[in-house]
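Structure data (mmCIF, N, CA and C atoms) from model_5.cif:
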data_upload
loop_
_atom_site.label_atom_id
_atom_site.label_comp_id
_atom_site.auth_asym_id
_atom_site.auth_seq_id
_atom_site.Cartn_x
_atom_site.Cartn_y
_atom_site.Cartn_z
N MET A 1 -47.11 47.65 32.76
CA MET A 1 -48.36 47.57 32.05
C MET A 1 -48.39 46.34 31.14
N GLU A 2 -47.30 46.09 30.45
CA GLU A 2 -47.22 44.94 29.55
C GLU A 2 -47.32 43.63 30.33
N THR A 3 -46.73 43.59 31.53
CA THR A 3 -46.79 42.38 32.36
C THR A 3 -48.23 42.10 32.78
N ALA A 4 -48.96 43.14 33.17
CA ALA A 4 -50.36 42.96 33.57
C ALA A 4 -51.18 42.43 32.40
N LYS A 5 -50.92 42.93 31.20
CA LYS A 5 -51.63 42.47 30.02
C LYS A 5 -51.32 41.01 29.73
N SER A 6 -50.05 40.62 29.86
CA SER A 6 -49.70 39.21 29.60
C SER A 6 -50.25 38.30 30.69
N ASP A 7 -50.30 38.77 31.94
CA ASP A 7 -50.88 37.98 33.03
C ASP A 7 -52.37 37.75 32.79
N LEU A 8 -53.06 38.76 32.30
CA LEU A 8 -54.48 38.64 31.99
C LEU A 8 -54.69 37.64 30.86
N GLY A 9 -53.84 37.71 29.85
CA GLY A 9 -53.91 36.75 28.74
C GLY A 9 -53.66 35.33 29.21
N LEU A 10 -52.73 35.15 30.11
CA LEU A 10 -52.44 33.83 30.66
C LEU A 10 -53.62 33.32 31.48
N SER A 11 -54.24 34.20 32.25
CA SER A 11 -55.41 33.79 33.04
C SER A 11 -56.55 33.34 32.14
N ARG A 12 -56.79 34.08 31.08
CA ARG A 12 -57.85 33.70 30.13
C ARG A 12 -57.52 32.38 29.45
N THR A 13 -56.26 32.24 29.04
CA THR A 13 -55.84 31.01 28.37
C THR A 13 -55.95 29.83 29.31
N ARG A 14 -55.57 30.03 30.57
CA ARG A 14 -55.69 28.96 31.57
C ARG A 14 -57.16 28.57 31.74
N ALA A 15 -58.05 29.54 31.78
CA ALA A 15 -59.48 29.25 31.92
C ALA A 15 -59.99 28.43 30.74
N ILE A 16 -59.54 28.74 29.55
CA ILE A 16 -59.93 27.96 28.37
C ILE A 16 -59.36 26.55 28.47
N LEU A 17 -58.11 26.44 28.88
CA LEU A 17 -57.46 25.14 29.06
C LEU A 17 -58.23 24.27 30.05
N GLU A 18 -58.71 24.87 31.14
CA GLU A 18 -59.44 24.13 32.17
C GLU A 18 -60.78 23.59 31.68
N ARG A 19 -61.31 24.15 30.61
CA ARG A 19 -62.56 23.67 30.04
C ARG A 19 -62.36 22.57 29.00
N SER A 20 -61.10 22.25 28.70
CA SER A 20 -60.84 21.24 27.67
C SER A 20 -61.14 19.84 28.19
N ARG A 21 -61.45 18.95 27.28
CA ARG A 21 -61.76 17.57 27.63
C ARG A 21 -60.56 16.88 28.28
N ASP A 22 -59.37 17.11 27.76
CA ASP A 22 -58.17 16.46 28.32
C ASP A 22 -57.89 16.93 29.74
N PHE A 23 -58.19 18.19 30.04
CA PHE A 23 -58.00 18.68 31.41
C PHE A 23 -58.96 17.98 32.35
N ALA A 24 -60.20 17.78 31.90
CA ALA A 24 -61.19 17.07 32.72
C ALA A 24 -60.76 15.63 32.97
N VAL A 25 -60.20 14.99 31.95
CA VAL A 25 -59.71 13.62 32.10
C VAL A 25 -58.56 13.59 33.11
N LEU A 26 -57.68 14.57 33.04
CA LEU A 26 -56.55 14.67 33.98
C LEU A 26 -57.06 14.75 35.42
N ARG A 27 -58.05 15.59 35.66
CA ARG A 27 -58.63 15.72 37.00
C ARG A 27 -59.34 14.43 37.40
N GLY A 28 -60.01 13.80 36.45
CA GLY A 28 -60.73 12.56 36.73
C GLY A 28 -59.82 11.41 37.12
N ARG A 29 -58.57 11.47 36.71
CA ARG A 29 -57.59 10.43 37.07
C ARG A 29 -56.88 10.74 38.38
N GLY A 30 -57.36 11.74 39.10
CA GLY A 30 -56.83 12.04 40.43
C GLY A 30 -55.78 13.13 40.46
N HIS A 31 -55.38 13.66 39.31
CA HIS A 31 -54.37 14.72 39.30
C HIS A 31 -54.99 16.02 39.80
N HIS A 32 -54.18 16.83 40.44
CA HIS A 32 -54.64 18.07 41.05
C HIS A 32 -53.80 19.23 40.49
N PRO A 33 -54.10 19.66 39.27
CA PRO A 33 -53.28 20.70 38.63
C PRO A 33 -53.65 22.10 39.12
N VAL A 34 -53.06 22.52 40.23
CA VAL A 34 -53.38 23.82 40.80
C VAL A 34 -52.20 24.78 40.82
N CYS A 35 -51.08 24.35 40.34
CA CYS A 35 -49.86 25.16 40.46
C CYS A 35 -49.68 26.14 39.32
N GLY A 36 -50.76 26.63 38.75
CA GLY A 36 -50.65 27.58 37.66
C GLY A 36 -50.32 26.92 36.36
N ALA A 37 -50.00 27.72 35.40
CA ALA A 37 -49.64 27.22 34.08
C ALA A 37 -48.49 28.07 33.57
N THR A 38 -47.63 27.47 32.82
CA THR A 38 -46.48 28.17 32.26
C THR A 38 -46.54 28.10 30.75
N LEU A 39 -46.50 29.25 30.14
CA LEU A 39 -46.43 29.27 28.68
C LEU A 39 -45.03 28.84 28.27
N THR A 40 -44.95 27.98 27.29
CA THR A 40 -43.63 27.49 26.87
C THR A 40 -43.32 27.90 25.44
N CYS A 41 -43.78 29.07 25.07
CA CYS A 41 -43.46 29.59 23.75
C CYS A 41 -43.16 31.08 23.89
N ALA A 42 -42.53 31.63 22.90
CA ALA A 42 -42.13 33.04 22.95
C ALA A 42 -42.85 33.83 21.86
N SER A 43 -44.16 33.76 21.86
CA SER A 43 -44.94 34.54 20.89
C SER A 43 -46.17 35.09 21.59
N ASP A 44 -46.88 35.98 20.91
CA ASP A 44 -48.11 36.54 21.49
C ASP A 44 -49.19 35.49 21.63
N LEU A 45 -49.14 34.49 20.78
CA LEU A 45 -50.14 33.43 20.78
C LEU A 45 -49.53 32.15 21.33
N PRO A 46 -50.01 31.66 22.45
CA PRO A 46 -49.40 30.46 23.04
C PRO A 46 -49.65 29.21 22.21
N TRP A 47 -48.63 28.41 22.00
CA TRP A 47 -48.81 27.15 21.29
C TRP A 47 -48.62 25.96 22.20
N GLN A 48 -48.10 26.21 23.41
CA GLN A 48 -47.99 25.12 24.38
C GLN A 48 -48.01 25.69 25.80
N MET A 49 -48.61 24.93 26.72
CA MET A 49 -48.61 25.28 28.14
C MET A 49 -48.20 24.07 28.93
N GLN A 50 -47.52 24.32 30.03
CA GLN A 50 -47.19 23.25 30.96
C GLN A 50 -47.93 23.50 32.25
N ILE A 51 -48.38 22.42 32.86
CA ILE A 51 -49.09 22.52 34.13
C ILE A 51 -48.64 21.37 35.02
N ARG A 52 -48.49 21.63 36.30
CA ARG A 52 -47.95 20.64 37.23
C ARG A 52 -49.03 20.16 38.19
N CYS A 53 -49.02 18.85 38.45
CA CYS A 53 -49.92 18.28 39.44
C CYS A 53 -49.35 18.56 40.83
N ALA A 54 -50.18 19.10 41.71
CA ALA A 54 -49.73 19.42 43.07
C ALA A 54 -49.50 18.17 43.91
N ARG A 55 -50.07 17.05 43.50
CA ARG A 55 -49.91 15.81 44.28
C ARG A 55 -48.66 15.03 43.89
N CYS A 56 -48.53 14.71 42.61
CA CYS A 56 -47.44 13.83 42.18
C CYS A 56 -46.29 14.60 41.54
N GLN A 57 -46.45 15.90 41.33
CA GLN A 57 -45.44 16.78 40.75
C GLN A 57 -45.15 16.50 39.28
N GLU A 58 -45.97 15.68 38.64
CA GLU A 58 -45.81 15.41 37.20
C GLU A 58 -46.14 16.68 36.42
N ILE A 59 -45.38 16.94 35.38
CA ILE A 59 -45.64 18.09 34.51
C ILE A 59 -46.33 17.59 33.25
N PHE A 60 -47.44 18.22 32.91
CA PHE A 60 -48.21 17.86 31.73
C PHE A 60 -48.15 18.99 30.72
N CYS A 61 -47.89 18.64 29.48
CA CYS A 61 -47.83 19.63 28.40
C CYS A 61 -49.09 19.56 27.57
N PHE A 62 -49.68 20.71 27.35
CA PHE A 62 -50.87 20.83 26.51
C PHE A 62 -50.48 21.62 25.26
N ASP A 63 -50.90 21.13 24.11
CA ASP A 63 -50.66 21.82 22.85
C ASP A 63 -51.91 22.57 22.42
N ASN A 64 -51.72 23.75 21.88
CA ASN A 64 -52.81 24.56 21.35
C ASN A 64 -53.03 24.17 19.90
N LEU A 65 -54.09 23.44 19.62
CA LEU A 65 -54.36 22.97 18.27
C LEU A 65 -54.83 24.09 17.35
N ALA A 66 -55.24 25.23 17.91
CA ALA A 66 -55.73 26.35 17.10
C ALA A 66 -54.66 27.42 16.88
N TRP A 67 -53.44 27.13 17.25
CA TRP A 67 -52.37 28.13 17.19
C TRP A 67 -52.16 28.67 15.78
N ARG A 68 -52.13 27.81 14.80
CA ARG A 68 -51.83 28.24 13.42
C ARG A 68 -52.92 29.14 12.83
N THR A 69 -54.12 29.03 13.36
CA THR A 69 -55.22 29.86 12.84
C THR A 69 -55.46 31.09 13.70
N GLY A 70 -54.60 31.31 14.69
CA GLY A 70 -54.70 32.51 15.52
C GLY A 70 -55.58 32.38 16.74
N GLY A 71 -55.93 31.16 17.12
CA GLY A 71 -56.79 30.96 18.29
C GLY A 71 -56.03 30.39 19.47
N ALA A 72 -56.70 30.36 20.60
CA ALA A 72 -56.12 29.77 21.81
C ALA A 72 -57.17 28.96 22.54
N ASP A 73 -58.08 28.36 21.77
CA ASP A 73 -59.24 27.74 22.39
C ASP A 73 -59.34 26.23 22.17
N ARG A 74 -58.30 25.59 21.68
CA ARG A 74 -58.35 24.14 21.46
C ARG A 74 -57.11 23.50 22.04
N TRP A 75 -57.17 23.11 23.31
CA TRP A 75 -56.03 22.55 24.02
C TRP A 75 -56.16 21.04 24.14
N ARG A 76 -55.03 20.36 23.96
CA ARG A 76 -55.00 18.90 24.06
C ARG A 76 -53.68 18.46 24.65
N LEU A 77 -53.73 17.44 25.51
CA LEU A 77 -52.49 16.89 26.05
C LEU A 77 -51.62 16.41 24.90
N ASN A 78 -50.31 16.70 24.98
CA ASN A 78 -49.46 16.21 23.90
C ASN A 78 -49.12 14.73 24.14
N ARG A 79 -48.54 14.14 23.14
CA ARG A 79 -48.28 12.69 23.15
C ARG A 79 -47.41 12.26 24.33
N GLU A 80 -46.40 13.05 24.68
CA GLU A 80 -45.50 12.69 25.77
C GLU A 80 -46.21 12.70 27.14
N SER A 81 -47.19 13.54 27.31
CA SER A 81 -47.90 13.66 28.59
C SER A 81 -49.06 12.68 28.73
N ARG A 82 -49.53 12.16 27.62
CA ARG A 82 -50.72 11.32 27.63
C ARG A 82 -50.57 10.06 28.50
N ALA A 83 -49.44 9.39 28.43
CA ALA A 83 -49.24 8.15 29.20
C ALA A 83 -49.32 8.41 30.70
N ALA A 84 -48.67 9.47 31.17
CA ALA A 84 -48.70 9.79 32.60
C ALA A 84 -50.10 10.18 33.05
N ALA A 85 -50.83 10.87 32.20
CA ALA A 85 -52.20 11.28 32.54
C ALA A 85 -53.12 10.08 32.63
N GLU A 86 -52.97 9.14 31.72
CA GLU A 86 -53.85 7.97 31.70
C GLU A 86 -53.57 6.99 32.82
N SER A 87 -52.35 6.97 33.33
CA SER A 87 -52.02 6.02 34.39
C SER A 87 -52.56 6.45 35.75
N GLY A 88 -52.95 7.67 35.88
CA GLY A 88 -53.49 8.16 37.14
C GLY A 88 -52.43 8.81 38.00
N CYS A 89 -52.86 9.43 39.06
CA CYS A 89 -51.96 10.20 39.92
C CYS A 89 -51.33 9.32 40.98
N ALA A 90 -50.02 9.27 40.98
CA ALA A 90 -49.29 8.48 41.98
C ALA A 90 -49.34 9.15 43.35
N GLY A 91 -49.55 10.45 43.39
CA GLY A 91 -49.58 11.16 44.66
C GLY A 91 -50.92 11.13 45.35
N MET A 92 -51.95 10.65 44.67
CA MET A 92 -53.29 10.64 45.24
C MET A 92 -53.37 9.73 46.47
N ALA A 93 -52.74 8.58 46.43
CA ALA A 93 -52.79 7.66 47.56
C ALA A 93 -52.13 8.26 48.78
N VAL A 94 -51.11 9.06 48.58
CA VAL A 94 -50.43 9.73 49.69
C VAL A 94 -51.30 10.84 50.24
N ASP A 95 -52.02 11.52 49.37
CA ASP A 95 -52.85 12.66 49.73
C ASP A 95 -54.11 12.26 50.50
N LEU A 96 -54.69 11.11 50.21
CA LEU A 96 -55.94 10.71 50.85
C LEU A 96 -55.84 10.54 52.36
N PRO A 97 -54.82 9.85 52.90
CA PRO A 97 -54.74 9.76 54.36
C PRO A 97 -54.61 11.13 55.02
N LEU A 98 -53.90 12.05 54.38
CA LEU A 98 -53.79 13.40 54.91
C LEU A 98 -55.14 14.09 54.94
N ALA A 99 -55.90 13.94 53.88
CA ALA A 99 -57.23 14.54 53.82
C ALA A 99 -58.13 13.96 54.90
N HIS A 100 -58.10 12.64 55.09
CA HIS A 100 -58.91 12.02 56.13
C HIS A 100 -58.49 12.49 57.52
N ALA A 101 -57.20 12.65 57.75
CA ALA A 101 -56.70 13.13 59.04
C ALA A 101 -57.18 14.57 59.29
N ARG A 102 -57.17 15.40 58.25
CA ARG A 102 -57.63 16.79 58.41
C ARG A 102 -59.12 16.83 58.73
N VAL A 103 -59.90 16.01 58.04
CA VAL A 103 -61.35 15.97 58.30
C VAL A 103 -61.60 15.50 59.73
N ALA A 104 -60.89 14.47 60.18
CA ALA A 104 -61.07 13.95 61.54
C ALA A 104 -60.69 15.02 62.57
N ALA A 105 -59.60 15.73 62.34
CA ALA A 105 -59.17 16.78 63.27
C ALA A 105 -60.19 17.92 63.31
N PHE A 106 -60.74 18.28 62.16
CA PHE A 106 -61.76 19.32 62.10
C PHE A 106 -63.01 18.89 62.85
N ALA A 107 -63.44 17.64 62.65
CA ALA A 107 -64.63 17.13 63.33
C ALA A 107 -64.42 17.11 64.84
N GLN A 108 -63.24 16.71 65.28
CA GLN A 108 -62.95 16.66 66.70
C GLN A 108 -62.96 18.07 67.29
N ALA A 109 -62.37 19.02 66.58
CA ALA A 109 -62.37 20.41 67.06
C ALA A 109 -63.78 20.98 67.11
N ALA A 110 -64.61 20.63 66.13
CA ALA A 110 -65.99 21.11 66.11
C ALA A 110 -66.78 20.53 67.29
N ARG A 111 -66.54 19.26 67.62
CA ARG A 111 -67.23 18.65 68.75
C ARG A 111 -66.80 19.31 70.06
N GLY A 112 -65.55 19.73 70.14
CA GLY A 112 -65.05 20.35 71.36
C GLY A 112 -65.59 21.75 71.58
N GLN A 113 -66.10 22.40 70.55
CA GLN A 113 -66.62 23.77 70.67
C GLN A 113 -68.06 23.82 71.12
N ARG A 114 -68.73 22.69 71.18
CA ARG A 114 -70.14 22.68 71.58
C ARG A 114 -70.33 22.96 73.03
#
Just give me the structure as structure tokens.
Amino acid sequence: METAKSDLGLSRTRAILERSRDFAVLRGRGHHPVCGATLTCASDLPWQMQIRCARCQEIFCFDNLAWRTGGADRWRLNRESRAAAESGCAGMAVDLPLAHARVAAFAQAARGQR
């Protein structure tokens, strides 16, 4: 029961994190953070989360700026993660040819079904 409650809290916190400006910037630079989020604190109120880019495998740390006041709604990339986020995703160039190949294969299969 306690695990289900903590999983629900993590899902809500992740949803709040995804609405943050820094998360949008991360996605805008080509990063694909889909591998979940890991709380990196041992309290009821998260003060930091880590999230991994599925393309380049870079780990980004987000700090909860509202932690001291009891909130979980103000997330920002920490200083150590900011440089990697701003430089863009190194795995995006590798991912694009794969995406184009999948689209081409799908189009070819669709033409064959007519």
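Remark: for A:Glu18, the closest of the candidate residues A:Glu58, A:Met92, A:Trp75, A:Arg52 is A:Trp75 (distances computed over only C-alpha atoms).
Closest approach to A:Glu80 among A:Phe23, A:Trp47, A:Trp67, A:Phe60: A:Phe60, based on only N, CA and C atoms.
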If the PyMOL selection byres (((chain A and resi 76 and name CA) around 9) and name CA) were run on this exact file, what residues would it hold? Put them as number ranges by chain.
A: 17, 20-23, 61-65, 74-75, 77-78
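Ranking A:Pro33, A:Gly28, A:Gln50, A:Ala66 by their shortest atom-to-atom distance to A:Gly88, with only C-alpha atoms included, puts A:Gly28 first.
Interatomic distance, atom CA of A:Asp73 against atom CA of A:Gly91: 29.4 Å.
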Separating atom N of A:Arg79 from atom C of A:Ser11, to the nearest tenth of an Å, is a gap of 22.7 Å
